[in-house]
Structures are given as structure tokens and as C-alpha cells.
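Student: Please see the structure below; I have some questions.
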Amino acid sequence: MKLTKLLVATSAFAISAGAVSAEDMTIVSWGGAYSASQQAAYHDPYMAANPGVNIINDESSAEAVAKLRAMNEAGNITWDVVDVVAADALRLCDEGLALEIDGATQLAPAPDGTSADEDFGELRVNSCYIPQIVYSTTFGYRTDMVPAGVNPPDDICDVFDLATYPGKRALEKRPINNVEWALLCDGVAKADVYDVLATEEGQQQALAKLDTIKDQVIWWSAGADTPQLLADGEIFMGSTYNGRLFSVIEEQKQPVAIMWDAQVFDLDGWIIPAGLSPERQARALDYVYFATDTQRLADQAKYISYGPARKSSAPLVGKHATLGIDMGPHMPTDPNNAKNTFLYNYEFWADYRDDIDAKFQAWLAQ
Amino acid sequence: MSDTTQAGPVLAADGTPLKTSLNRALRRQKMRALALIAPLLIFVLVTFIAPIGDMLFRSVENKIVQDTLPLTVAALADWDPGLRELPEEPVYAALAADLQVAVKEKLHTKLGTRLNYENTGMSSMFRQIGRDVTKWDLATDGPFKEKFIEENKGWGDFATWRTLKSYSPTLTSGYFLNSVDLEKGPDGIRARDDNQRIYITLFIRTLWMALVITGACLLLGYPVAWLLANLPNKSANLLMILVLLPFWTSLLVRTSAWKVLLQEQGVINDVLVAIGFVADESRLQLINNQFGTITAMTHILLPFMILPLYSVMKTIPPSYLRAAKSLGATDWTAFWRVYFPQSVPGIGAGAILVFILSIGFYITPELVGGTKGVFISNRIAYHISSSLNWGLAAALGTILLAAVMLLYWAYDKIVGIDNVKLG
């Protein structure tokens, strides 16, 4: 008798523990310093203003598209708001997995009354996507490994110049960005890069250029790899996200510097999964309305060196919250850093990703 | 003795034939046994076999074209791609009608993604046409052929229509062809271009490296297991903890530890440079290649070899070796002729465990394998989580599963699965 009671009691407890409380909201992001900046700039103030809501962090953004697709097929969506890059937002919107959001009514206007759509401009790549930040993929190098009597690297083609800058490089284990840089340094004009890449010969040309440094390259797949390799002195230069380099340089004080030439801009932003229950959807919309307003986006820049996606946020960017340094010069969008930039071409890669990736992987395996 | 010559079947006490009665009793027992394992069986079926079956079925499933463009598929039925001519106006009109429905249900871009796997460029063709096709009036705005080609010249490309036609059946062999480096060409199946062949290489590499890792585990694990089985209990226990300790440590931690050890500015290279074995500028490349993968995976999988070996060796009485030696055998003969054959079941079990585990390994090769030390499972993971080509991932997975089963069958034929003992 006692045992039965105990069993009933424990299973009842298990059931109640398994059920999600009505006010929990799962927000998916990338983890690390980036999630920490979102926690400080968005989550904490939002929870302070809405004491009933409890935000749960999930660090699955790298597999967001695959997981959302699986959740959608299973008919059980457990995420409320998801942070993804623009290319993934394009795919999610394409597959009908993300909610379309009306910029005029469902997003906060700028303080001067400019509509959100206008404030974000072309960064709002489709109607599902609410961009937060502009980040860039760029190169960091060890200042103590620059050969004596040589200027530090300041041109993207220095990456391909093994004679002047001997040493290992780290590049991402995928064709995106690498093939563009290779073509730029093989005499292709910036405006023609994607036209050339669309041809079989252009793809071969890019791989042939990469071939010249292939045996000096360590291929990374996680954003933390290059900063670690730089800190260990394993590589001379490597590509990674500029925010990661900021923390290696300013927080860990490693002898590393950033080479901004031909940095590739990309975006990070929110989507809300399609198919949420009405009250969860309303709560998610309420959250993104709050978290993507002008002040909130500017606040995030206090914690990480990524540029806010709203034009109206730029003048509000101030100093780092703990280091006290001026964040403006560390932003990828700062005029000094953005002399020569590249915008990731979402449409091109949506088409050519599978094709060029197959060739790239076959080339890697050779 | 003479009255045992009784005619007819043997009867039980209640008069039924003994055989029937016995069968009934046995059946009841079997049912009870089945009822006892039923929860587990159902659990395994529902949570394991069914999802895997569903995933594997994706390797041939291709309903999306038929479901999204039913009218177009019907209109294409009597179009012959062999003539190498574009289809006629009715096909384009059917496509316009299909797309209007598909755009409303937001299915057209999904189809574009699917067809883009086979023919690069179709993803943006579908996205582009989706923006305008809803503005067309089907009754009055024809002919549509020119309108489509005006929108994107891809619609006037013969290859687009060949792709649509060859992927309109609800089952496809396309994913399997792709996973063995073949493709559907205009004149039937052909090999992919050299610069796109990758999967056969990866399958062979995966099998080969799994074999090497199994061999390395056996070479390193056998003496350790022997020591464990033959040392006095106290020291054997200590040794056992040393074997198990890494086993209890997180896989990622152990892999990262190998990174620290093996990298160019790592511990091993530092030591070698310090003792003057290699020059500072020619440090050894120990990681981001096959050597890195083999080293780290051998270390990680070693307990799976040692434990079955140990449990088998523990059952071999030491007196056999002593007897062999007292009969005049040398140490080597005594080991090779008496001890080793008795430890073979442990080798069999350990080898099969390590081999099958290493074939599916994924995190370690990804972290320390560079480009030459990655396995087929890394590509499967890429297609599941990154390129979202689940059909191709399923086909690769099916082939891998079939290869493992085939090897298991061959193993059973050669070694005999009854000879495998875990203890």
C-alpha cells in the first residue's frame, strides 16, 4: 500500500516536472560570449520588466535549421525564439519554418519614428528575419610572428603570400568566403567574383589558388578554433569572427592583431518558428519587439564588438561594460575597418552551396 | 520389456496425446516469456527500429515533386527528354497553375531546394518565380512559356526539364547514385566528374582506418589485458582503475587533451625539440591528419578491447601454461599453442566492438582529423545538420549499415559468432 502511494506520488511529480511551465520561453543562440552579451542586453532587462517570464537558454543555433525541420515534422516545436545567420533565415523562410513578421506593426520604430523596416534597411533579408548585429569574418594574425623587416599583413592577398609571410593559416572548412578571397587574389575584380564563381572554370580557378597554400592550412569548423590556434602559436594567421578576435586581443591580451581587409559581413538575427501556439507566439513577438528596439541593440555592443543592425543604434554605441574601452573603433562597420568589405551573397550561395561544396570537399580529400 | 510395444501415440494422464499436451504447455511458457519482454520489445520497436526505418526510407523517398507539381508531372508524362527539345506550352501552363497553389502553401521554395541538389541554380529559379507567378491570371495571361523564360532563362534550359522529369517518380535512386559517386546523365547513369568524387574514397578510408585502429587496439590491449588477468589482485585492481579512468572521462576532454599533446607547439613536439631529436623549424606534423585520428581513437577505444580480453583471459587457468612448460614447451610455444587459442574469443569480441564503434565515429575525426583523417560519418553529419540533404545522408547511412552487416556476416562465416565471448 505504502509502495503504491509512493509510486503514484513520484510519477505525479515526474509528470508535473516534465510539463513545461506556461511562462517558460526557450531562446536559442550560439553560446559563449555572444549569448552572454544577449543575456545582459536583452534577457535580463526583459525578465525584469516581465517577472512572470522565465527565459531558458539553448545553445543549438549551429544546428537550428536541421532541428527546426525535425521539430516541424514531429509536430512539437519546443523553441520560441531562435538566433540564426541570414543564410539560415533564408532557408527557414523558404521552407515555411519561420513566422513572417510585419515590420510596420510588429517591430519597434526608431526613436524618431522611422519604421523598423527602413531602420534595418537591406539587412532585413526577408520578412521572417529581424537582424540584430552585423559581424564579419576576417583575419587575425600573431604580431610576434611577422618576419623582421616586413610590414604586418594588411592585404587579403598576404594570406596567399607564403614567401613574405611564411607560417600556417587557419581557414574555415567550407568553400564560402575562402573561394571569394582566392578569386580576389587571383586577379578577379570584386564586382565579378560571383559571376566568375558561377562558372565551372571560375570554381576551378578558386580551388587552384587555394591549392597554392593548401599544405599550410589548418581547416577549422568551430568558431573557437582559430582564436585557440592563435593563442597557442600554432598558426600565423587565421580567419574567424571579429568578436572572437576582440576577446583574444582585448580580454586575453594575446599578441594578436586584426587584418580587416576584405572582411566579409554577415548578419545574426532572430526568427520565430512557425506553428507556435497563439499565446507562445504572442510572447515571442513581445520579446523580439523589446529586444530589437534601438536602445537594446546599442546596449549589446557594450559587451561584444558586433555592430548593431539598426542605423538608429549606431550613435548610441558607447564603451565596453567592464573594460571601459571605446567600442566604436572595434566595430567591423567602423569606417577605418570597413575600407574594403564584402557582403555575403545569400542568393548565390543558396544556389551554389551544394555544388561548390561537393567540389571543395573532393578537393580537400585529394 | 515386451509390453512396451504399444501402438498409437503416448497419452498424458488426461488422455490427450502427450505431444499436444507438451506443446500446449510450452506455448504457454513462450507466451509468458514474450509478455515479460513485451514492454522492452515495444519500446525498442517504437523508439529505435521505427525511426531508423523511417530515416533509411528517406534515401529513396521522393514524393515532393509529385505532391507539389501534380499537373506538371501529368503534363510531362508524354514529353520525351530523348528528343532534347523544350516541352510545349501546356506543360508551362500546368506549371504556372501548380506554382500558384504551391506559393500559397509556401511549398515552392522547398521544392527548389530539393531540385537544387540535382541541378544547381533551381533553388533561385523557384524563389524568383514564386514572387511573380501569383500575379498572373491563368485564363488570360498565356502563353506562359515566354513568360517563364523571360523571368529566368533557366526555364528555357533543357536540363531543367530533364531534371524535373527524371525526379518526378515518387521513388528515386538519385541519392544512392550520388552516394557512390554516380549521377543521372542525359544518356543514363554515369560516373561523376573527377572533381566531385568523394564518397567512395571516404567509405574505403573509413573501413581501412577502422581496421588499423582495431589492430592498434589489439596490439596495445592484449599485453595490458594479460597483465590484468595475471597480476595479484591488489595491483590488478589498481591497473584496472587506470584502464577505466579515461573511460569515464568525457570524450571531448580526451580528444582535446590529444590536441594539446600532438599539436605543433604541443607537449610531444616541445619535448622532442628540447632533447634535440627534431629541429625547432621542422616540428613533426602529428595532428590534423590520419595519424592524429588513429592515435586519439585508439586511445579512446582501448578499454573496449581490454575489457572483453580481460574477462576471457581471467577464465584461462594458469595451470595450463605450467603444464605445457613442464611438458617441455618453450615460453613462446606455450603461449602460442596453449594460451593464445583460448584467448581468441576475447579477441573476437574486442575486435568486433572496436571496429563497429570506430566505423561510426564522428567527433574525434572532426576535431583531430584535418582533411585526410575524416570519416564518412562526418559527411553524414554534414548533410544532416548543415546542407539538410537528408535523403543523401540516409543513403550514405544505409550503405554504411549494409557494409557493417556484410562484414559481420563475413566475420561470422570466418571466425564464427559463437566463438565470441564477452566473459
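Ordering of the C-alpha cells sets the chain letters (A, B, ...); residue numbers start at 1 within each chain; ligands are numbered from 1 in the order shown.
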Counting only C-alpha atoms, what is within 7 Å of stretch 149-162 of chain A, bar same-chain residues fewer than 2 positions away, as JSON, numbers by chain?
Tutor: {"A": [146, 147, 164, 165, 166, 185, 213, 259, 261, 262]}
Student: Identify every residue of chain B that has at least one atom within 8 Å of any atom of chain A, counting only C-alpha atoms, and report the result as a list in words.
Tutor: Lys106, Leu107, Thr109, Lys110, Asn116, Tyr117, Thr120, Gly121, Met122, Ser123, Ser124, Arg127, Asn195, Gln196, Arg197, Ile198, Gln263, Glu264, Gln265, Asn288, Gly370, Thr371, Lys372, Ile384, Ser385, Ser386, Ser387 and Leu388 of chain B
Student: Leaving out B:Arg283 and any residue of its chain fewer than 4 positions from it, which residues lie within 10 Å of it when counting only C-alpha atoms, given as a PDB file with all heavy atoms, in the first residue's frame?
Tutor:
```pdb
ATOM      1  N   GLN B 263      49.770  18.821 -31.047  1.00  0.00           N
ATOM      2  CA  GLN B 263      49.921  19.927 -31.991  1.00  0.00           C
ATOM      3  C   GLN B 263      51.374  20.384 -32.111  1.00  0.00           C
ATOM      4  O   GLN B 263      52.234  19.961 -31.347  1.00  0.00           O
ATOM      5  CB  GLN B 263      48.986  21.078 -31.650  1.00  0.00           C
ATOM      6  CG  GLN B 263      49.213  21.696 -30.288  1.00  0.00           C
ATOM      7  CD  GLN B 263      48.155  22.737 -29.980  1.00  0.00           C
ATOM      8  OE1 GLN B 263      47.192  22.883 -30.697  1.00  0.00           O
ATOM      9  NE2 GLN B 263      48.351  23.462 -28.903  1.00  0.00           N
ATOM     10  N   GLU B 264      51.609  21.239 -33.110  1.00  0.00           N
ATOM     11  CA  GLU B 264      52.988  21.551 -33.443  1.00  0.00           C
ATOM     12  C   GLU B 264      53.721  22.252 -32.303  1.00  0.00           C
ATOM     13  O   GLU B 264      54.909  22.035 -32.101  1.00  0.00           O
ATOM     14  CB  GLU B 264      53.036  22.416 -34.707  1.00  0.00           C
ATOM     15  CG  GLU B 264      53.605  21.637 -35.866  1.00  0.00           C
ATOM     16  CD  GLU B 264      53.627  22.448 -37.124  1.00  0.00           C
ATOM     17  OE1 GLU B 264      54.299  23.491 -37.137  1.00  0.00           O
ATOM     18  OE2 GLU B 264      52.967  22.057 -38.093  1.00  0.00           O
ATOM     19  N   GLN B 265      53.004  23.102 -31.576  1.00  0.00           N
ATOM     20  CA  GLN B 265      53.598  23.723 -30.392  1.00  0.00           C
ATOM     21  C   GLN B 265      53.183  22.940 -29.148  1.00  0.00           C
ATOM     22  O   GLN B 265      53.129  23.484 -28.050  1.00  0.00           O
ATOM     23  CB  GLN B 265      53.150  25.185 -30.254  1.00  0.00           C
ATOM     24  CG  GLN B 265      53.345  26.021 -31.502  1.00  0.00           C
ATOM     25  CD  GLN B 265      54.810  26.230 -31.825  1.00  0.00           C
ATOM     26  OE1 GLN B 265      55.631  26.346 -30.931  1.00  0.00           O
ATOM     27  NE2 GLN B 265      55.150  26.240 -33.101  1.00  0.00           N
ATOM     28  N   GLY B 266      52.865  21.669 -29.328  1.00  0.00           N
ATOM     29  CA  GLY B 266      52.327  20.883 -28.230  1.00  0.00           C
ATOM     30  C   GLY B 266      53.407  20.183 -27.421  1.00  0.00           C
ATOM     31  O   GLY B 266      54.604  20.325 -27.675  1.00  0.00           O
ATOM     32  N   ILE B 268      54.373  16.992 -26.969  1.00  0.00           N
ATOM     33  CA  ILE B 268      55.286  15.995 -27.549  1.00  0.00           C
ATOM     34  C   ILE B 268      56.361  16.666 -28.388  1.00  0.00           C
ATOM     35  O   ILE B 268      57.557  16.378 -28.252  1.00  0.00           O
ATOM     36  CB  ILE B 268      54.481  14.973 -28.377  1.00  0.00           C
ATOM     37  CG1 ILE B 268      53.616  14.135 -27.438  1.00  0.00           C
ATOM     38  CG2 ILE B 268      55.407  14.092 -29.207  1.00  0.00           C
ATOM     39  CD1 ILE B 268      52.754  13.116 -28.109  1.00  0.00           C
ATOM     40  N   ASN B 269      55.925  17.609 -29.257  1.00  0.00           N
ATOM     41  CA  ASN B 269      56.905  18.303 -30.085  1.00  0.00           C
ATOM     42  C   ASN B 269      57.879  19.120 -29.240  1.00  0.00           C
ATOM     43  O   ASN B 269      59.074  19.150 -29.519  1.00  0.00           O
ATOM     44  CB  ASN B 269      56.202  19.206 -31.095  1.00  0.00           C
ATOM     45  CG  ASN B 269      56.034  18.513 -32.435  1.00  0.00           C
ATOM     46  OD1 ASN B 269      56.990  17.942 -32.972  1.00  0.00           O
ATOM     47  ND2 ASN B 269      54.827  18.522 -32.958  1.00  0.00           N
ATOM     48  N   ASP B 270      57.384  19.752 -28.182  1.00  0.00           N
ATOM     49  CA  ASP B 270      58.255  20.543 -27.291  1.00  0.00           C
ATOM     50  C   ASP B 270      59.338  19.656 -26.685  1.00  0.00           C
ATOM     51  O   ASP B 270      60.513  20.030 -26.636  1.00  0.00           O
ATOM     52  CB  ASP B 270      57.422  21.202 -26.184  1.00  0.00           C
ATOM     53  CG  ASP B 270      56.713  22.452 -26.671  1.00  0.00           C
ATOM     54  OD1 ASP B 270      57.014  22.877 -27.802  1.00  0.00           O
ATOM     55  OD2 ASP B 270      55.859  22.982 -25.936  1.00  0.00           O
ATOM     56  N   LEU B 272      60.426  16.735 -27.829  1.00  0.00           N
ATOM     57  CA  LEU B 272      61.346  16.263 -28.870  1.00  0.00           C
ATOM     58  C   LEU B 272      62.354  17.348 -29.241  1.00  0.00           C
ATOM     59  O   LEU B 272      63.531  17.074 -29.464  1.00  0.00           O
ATOM     60  CB  LEU B 272      60.557  15.820 -30.108  1.00  0.00           C
ATOM     61  CG  LEU B 272      59.752  14.534 -29.946  1.00  0.00           C
ATOM     62  CD1 LEU B 272      58.984  14.220 -31.217  1.00  0.00           C
ATOM     63  CD2 LEU B 272      60.651  13.359 -29.582  1.00  0.00           C
ATOM     64  N   VAL B 273      61.872  18.600 -29.298  1.00  0.00           N
ATOM     65  CA  VAL B 273      62.783  19.702 -29.617  1.00  0.00           C
ATOM     66  C   VAL B 273      63.777  19.905 -28.473  1.00  0.00           C
ATOM     67  O   VAL B 273      64.983  20.081 -28.689  1.00  0.00           O
ATOM     68  CB  VAL B 273      61.986  20.996 -29.899  1.00  0.00           C
ATOM     69  CG1 VAL B 273      62.916  22.197 -29.984  1.00  0.00           C
ATOM     70  CG2 VAL B 273      61.198  20.859 -31.197  1.00  0.00           C
ATOM     71  N   PHE B 277      65.877  15.995 -30.583  1.00  0.00           N
ATOM     72  CA  PHE B 277      65.536  14.911 -31.510  1.00  0.00           C
ATOM     73  C   PHE B 277      65.070  15.465 -32.858  1.00  0.00           C
ATOM     74  O   PHE B 277      65.398  14.917 -33.897  1.00  0.00           O
ATOM     75  CB  PHE B 277      64.451  14.029 -30.876  1.00  0.00           C
ATOM     76  CG  PHE B 277      64.248  12.730 -31.590  1.00  0.00           C
ATOM     77  CD1 PHE B 277      65.202  11.707 -31.482  1.00  0.00           C
ATOM     78  CD2 PHE B 277      63.128  12.512 -32.370  1.00  0.00           C
ATOM     79  CE1 PHE B 277      65.019  10.504 -32.141  1.00  0.00           C
ATOM     80  CE2 PHE B 277      62.945  11.308 -33.036  1.00  0.00           C
ATOM     81  CZ  PHE B 277      63.896  10.304 -32.916  1.00  0.00           C
ATOM     82  N   VAL B 278      64.294  16.566 -32.818  1.00  0.00           N
ATOM     83  CA  VAL B 278      63.939  17.244 -34.063  1.00  0.00           C
ATOM     84  C   VAL B 278      64.297  18.720 -33.926  1.00  0.00           C
ATOM     85  O   VAL B 278      64.352  19.248 -32.812  1.00  0.00           O
ATOM     86  CB  VAL B 278      62.424  17.130 -34.396  1.00  0.00           C
ATOM     87  CG1 VAL B 278      62.028  15.713 -34.696  1.00  0.00           C
ATOM     88  CG2 VAL B 278      61.588  17.682 -33.265  1.00  0.00           C
ATOM     89  N   ALA B 279      64.552  19.349 -35.087  1.00  0.00           N
ATOM     90  CA  ALA B 279      64.901  20.766 -35.065  1.00  0.00           C
ATOM     91  C   ALA B 279      63.633  21.595 -34.862  1.00  0.00           C
ATOM     92  O   ALA B 279      62.532  21.157 -35.203  1.00  0.00           O
ATOM     93  CB  ALA B 279      65.577  21.148 -36.377  1.00  0.00           C
TER      94      ALA B 279
END
```
Student: For A:Asn345, find every residue with an atom within 12 Å (counting only C-alpha atoms), except residues of its own chain fewer than 2 positions away, and show them as a list in words.
Tutor: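 In the requested form, the answer reads Ala86, Ala87, Leu90, Leu123, Val125, Ile176, Asn177, Glu180, Ala191, Val193, Tyr194, Asp195, Leu197, Val264, Phe265, Asp266, Leu267, Phe342, Leu343, Glu347, Phe348, Trp349, Ala350, Asp351, Tyr352 and Arg353 of chain A.
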Student: How about saving the chosen residues, N, CA and C atoms kept, as a short mmCIF file (atom, residue, chain, number, x, y, z; two decimals), in the first residue's frame?
Tutor:
```cif
data_model
loop_
_atom_site.label_atom_id
_atom_site.label_comp_id
_atom_site.auth_asym_id
_atom_site.auth_seq_id
_atom_site.Cartn_x
_atom_site.Cartn_y
_atom_site.Cartn_z
N ALA A 86 21.91 35.01 -41.53
CA ALA A 86 20.95 35.37 -42.58
C ALA A 86 20.70 34.22 -43.55
N ALA A 87 21.76 33.46 -43.88
CA ALA A 87 21.59 32.37 -44.85
C ALA A 87 20.61 31.33 -44.31
N LEU A 90 17.10 32.58 -44.49
CA LEU A 90 16.59 32.45 -45.84
C LEU A 90 16.05 31.04 -46.05
N LEU A 123 19.37 45.04 -44.59
CA LEU A 123 19.82 43.97 -43.71
C LEU A 123 18.67 43.03 -43.34
N VAL A 125 16.81 40.70 -44.59
CA VAL A 125 16.91 39.99 -45.87
C VAL A 125 15.58 39.37 -46.29
N ILE A 176 32.56 28.69 -48.65
CA ILE A 176 32.07 30.06 -48.51
C ILE A 176 33.17 30.94 -47.90
N ASN A 177 33.34 32.13 -48.44
CA ASN A 177 34.38 33.11 -48.10
C ASN A 177 35.74 32.73 -48.69
N GLU A 180 35.86 33.15 -52.45
CA GLU A 180 35.81 34.57 -52.84
C GLU A 180 37.19 35.22 -52.65
N ALA A 191 33.64 43.11 -58.27
CA ALA A 191 32.29 43.09 -58.80
C ALA A 191 32.00 41.81 -59.59
N VAL A 193 33.26 38.72 -58.90
CA VAL A 193 33.58 37.47 -58.20
C VAL A 193 32.48 36.42 -58.34
N TYR A 194 31.22 36.83 -58.12
CA TYR A 194 30.16 35.82 -58.14
C TYR A 194 29.83 35.36 -59.56
N ASP A 195 30.00 36.25 -60.55
CA ASP A 195 29.80 35.81 -61.93
C ASP A 195 30.83 34.75 -62.30
N LEU A 197 32.46 32.83 -60.17
CA LEU A 197 32.25 31.63 -59.36
C LEU A 197 31.10 30.78 -59.88
N VAL A 264 34.32 39.86 -44.60
CA VAL A 264 33.02 39.52 -45.16
C VAL A 264 31.94 39.76 -44.11
N PHE A 265 31.03 40.67 -44.42
CA PHE A 265 29.94 40.97 -43.49
C PHE A 265 28.89 39.86 -43.52
N ASP A 266 28.37 39.54 -42.37
CA ASP A 266 27.24 38.64 -42.29
C ASP A 266 26.37 39.12 -41.13
N LEU A 267 25.18 38.55 -41.02
CA LEU A 267 24.24 39.03 -40.02
C LEU A 267 23.85 37.93 -39.05
N PHE A 342 33.06 43.11 -48.00
CA PHE A 342 32.40 42.17 -48.88
C PHE A 342 31.12 41.80 -48.20
N LEU A 343 29.99 41.78 -48.92
CA LEU A 343 28.76 41.33 -48.28
C LEU A 343 28.46 39.92 -48.77
N GLU A 347 21.85 34.87 -51.94
CA GLU A 347 21.17 34.25 -53.08
C GLU A 347 22.11 33.33 -53.83
N PHE A 348 23.34 33.80 -54.04
CA PHE A 348 24.29 32.98 -54.77
C PHE A 348 24.55 31.67 -54.03
N TRP A 349 24.79 31.78 -52.74
CA TRP A 349 25.15 30.56 -52.00
C TRP A 349 23.97 29.64 -51.80
N ALA A 350 22.74 30.17 -51.80
CA ALA A 350 21.58 29.28 -51.71
C ALA A 350 21.56 28.35 -52.92
N ASP A 351 21.98 28.87 -54.07
CA ASP A 351 22.00 28.05 -55.28
C ASP A 351 23.23 27.16 -55.36
N TYR A 352 24.40 27.73 -55.06
CA TYR A 352 25.64 27.04 -55.41
C TYR A 352 26.29 26.29 -54.26
N ARG A 353 25.71 26.41 -53.08
CA ARG A 353 26.30 25.82 -51.90
C ARG A 353 26.58 24.33 -52.06
#
```
Student: Please compute the atom CA of B:Pro303-atom CA of B:Leu244 distance, one decimal, in Å.
Tutor: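 Atom-to-atom, atom CA of B:Pro303 to atom CA of B:Leu244, that is 6.9 Å.
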Student: Please, what distance in Å, to one decimal, runs between atom CA of A:Gly318 and atom CA of A:Ile272?
Tutor: 29.4 Å
Student: Of the candidates B:Val212, B:Leu18, B:Ala274, B:Ile306, which one gets nearest to B:Leu242 if we count only C-alpha atoms?
Tutor: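 Looking only at the distances to B:Leu242, the closest residue turns out to be B:Ile306.
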Student: I'd like to know which of A:Gly52, A:Gly269, A:Pro335, A:Gly328 is closest to A:Leu297, using only C-alpha atoms.
Tutor: A:Gly269
Student: Show me, as a ChimeraX atom specification, the residues that have an atom within 9 Å of B:Lys165 when counting only C-alpha atoms, minus same-chain residues fewer than 3 positions from it.
Tutor: /B:73,76-77,79,81,160-162,168-169
Student: For stretch 92-98 of chain B, list every protein, DNA or RNA residue within 8 Å, evaluated using only C-alpha atoms, and leave out those in the same chain fewer than 5 positions away; present the list as a list of chain:residue names.
Tutor: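 My reading of the contact set: B:Thr68, B:Leu69, B:Pro70, B:Leu71, B:Thr72, B:Ala75, B:Pro87, B:Val133, B:Leu138, B:Gly142, B:Pro143, B:Phe144, B:Lys145, B:Phe148.
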Student: Which residues are close to B:Ala393, i.e. within 9 Å by only C-alpha atoms, leaving aside same-chain residues fewer than 6 positions away? Reply as a ChimeraX atom specification.
Tutor: /B:56,58-59,175,179,379-384
Student: From stretch 139-292 of chain A, collect each residue whose DSSP state is alpha helix (DSSP H) and return the set as a ChimeraX atom specification.
Tutor: /A:178-184,193-197,200-211,225-232,242-246,278-291
Student: Would you list, as a ChimeraX atom specification, the residues of stretch 103-264 of chain A that end up in strand (DSSP E or B) under DSSP run on this structure's backbone?
Tutor: /A:130-142,169-172,217-220,237-241,256-264
Student: Hey, which of A:Asn50, A:Asn76, A:Thr138, A:Thr212 ends up closest to A:Leu276? Count only C-alpha atoms.
Tutor: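 For A:Leu276, the nearest of the candidates is A:Asn76.
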Student: Just how far from atom CA of A:Pro332 is atom CA of A:Ser136, in Å to one decimal?
Tutor: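 We find that atom CA of A:Ser136 and atom CA of A:Pro332 lie 6.3 Å from each other.
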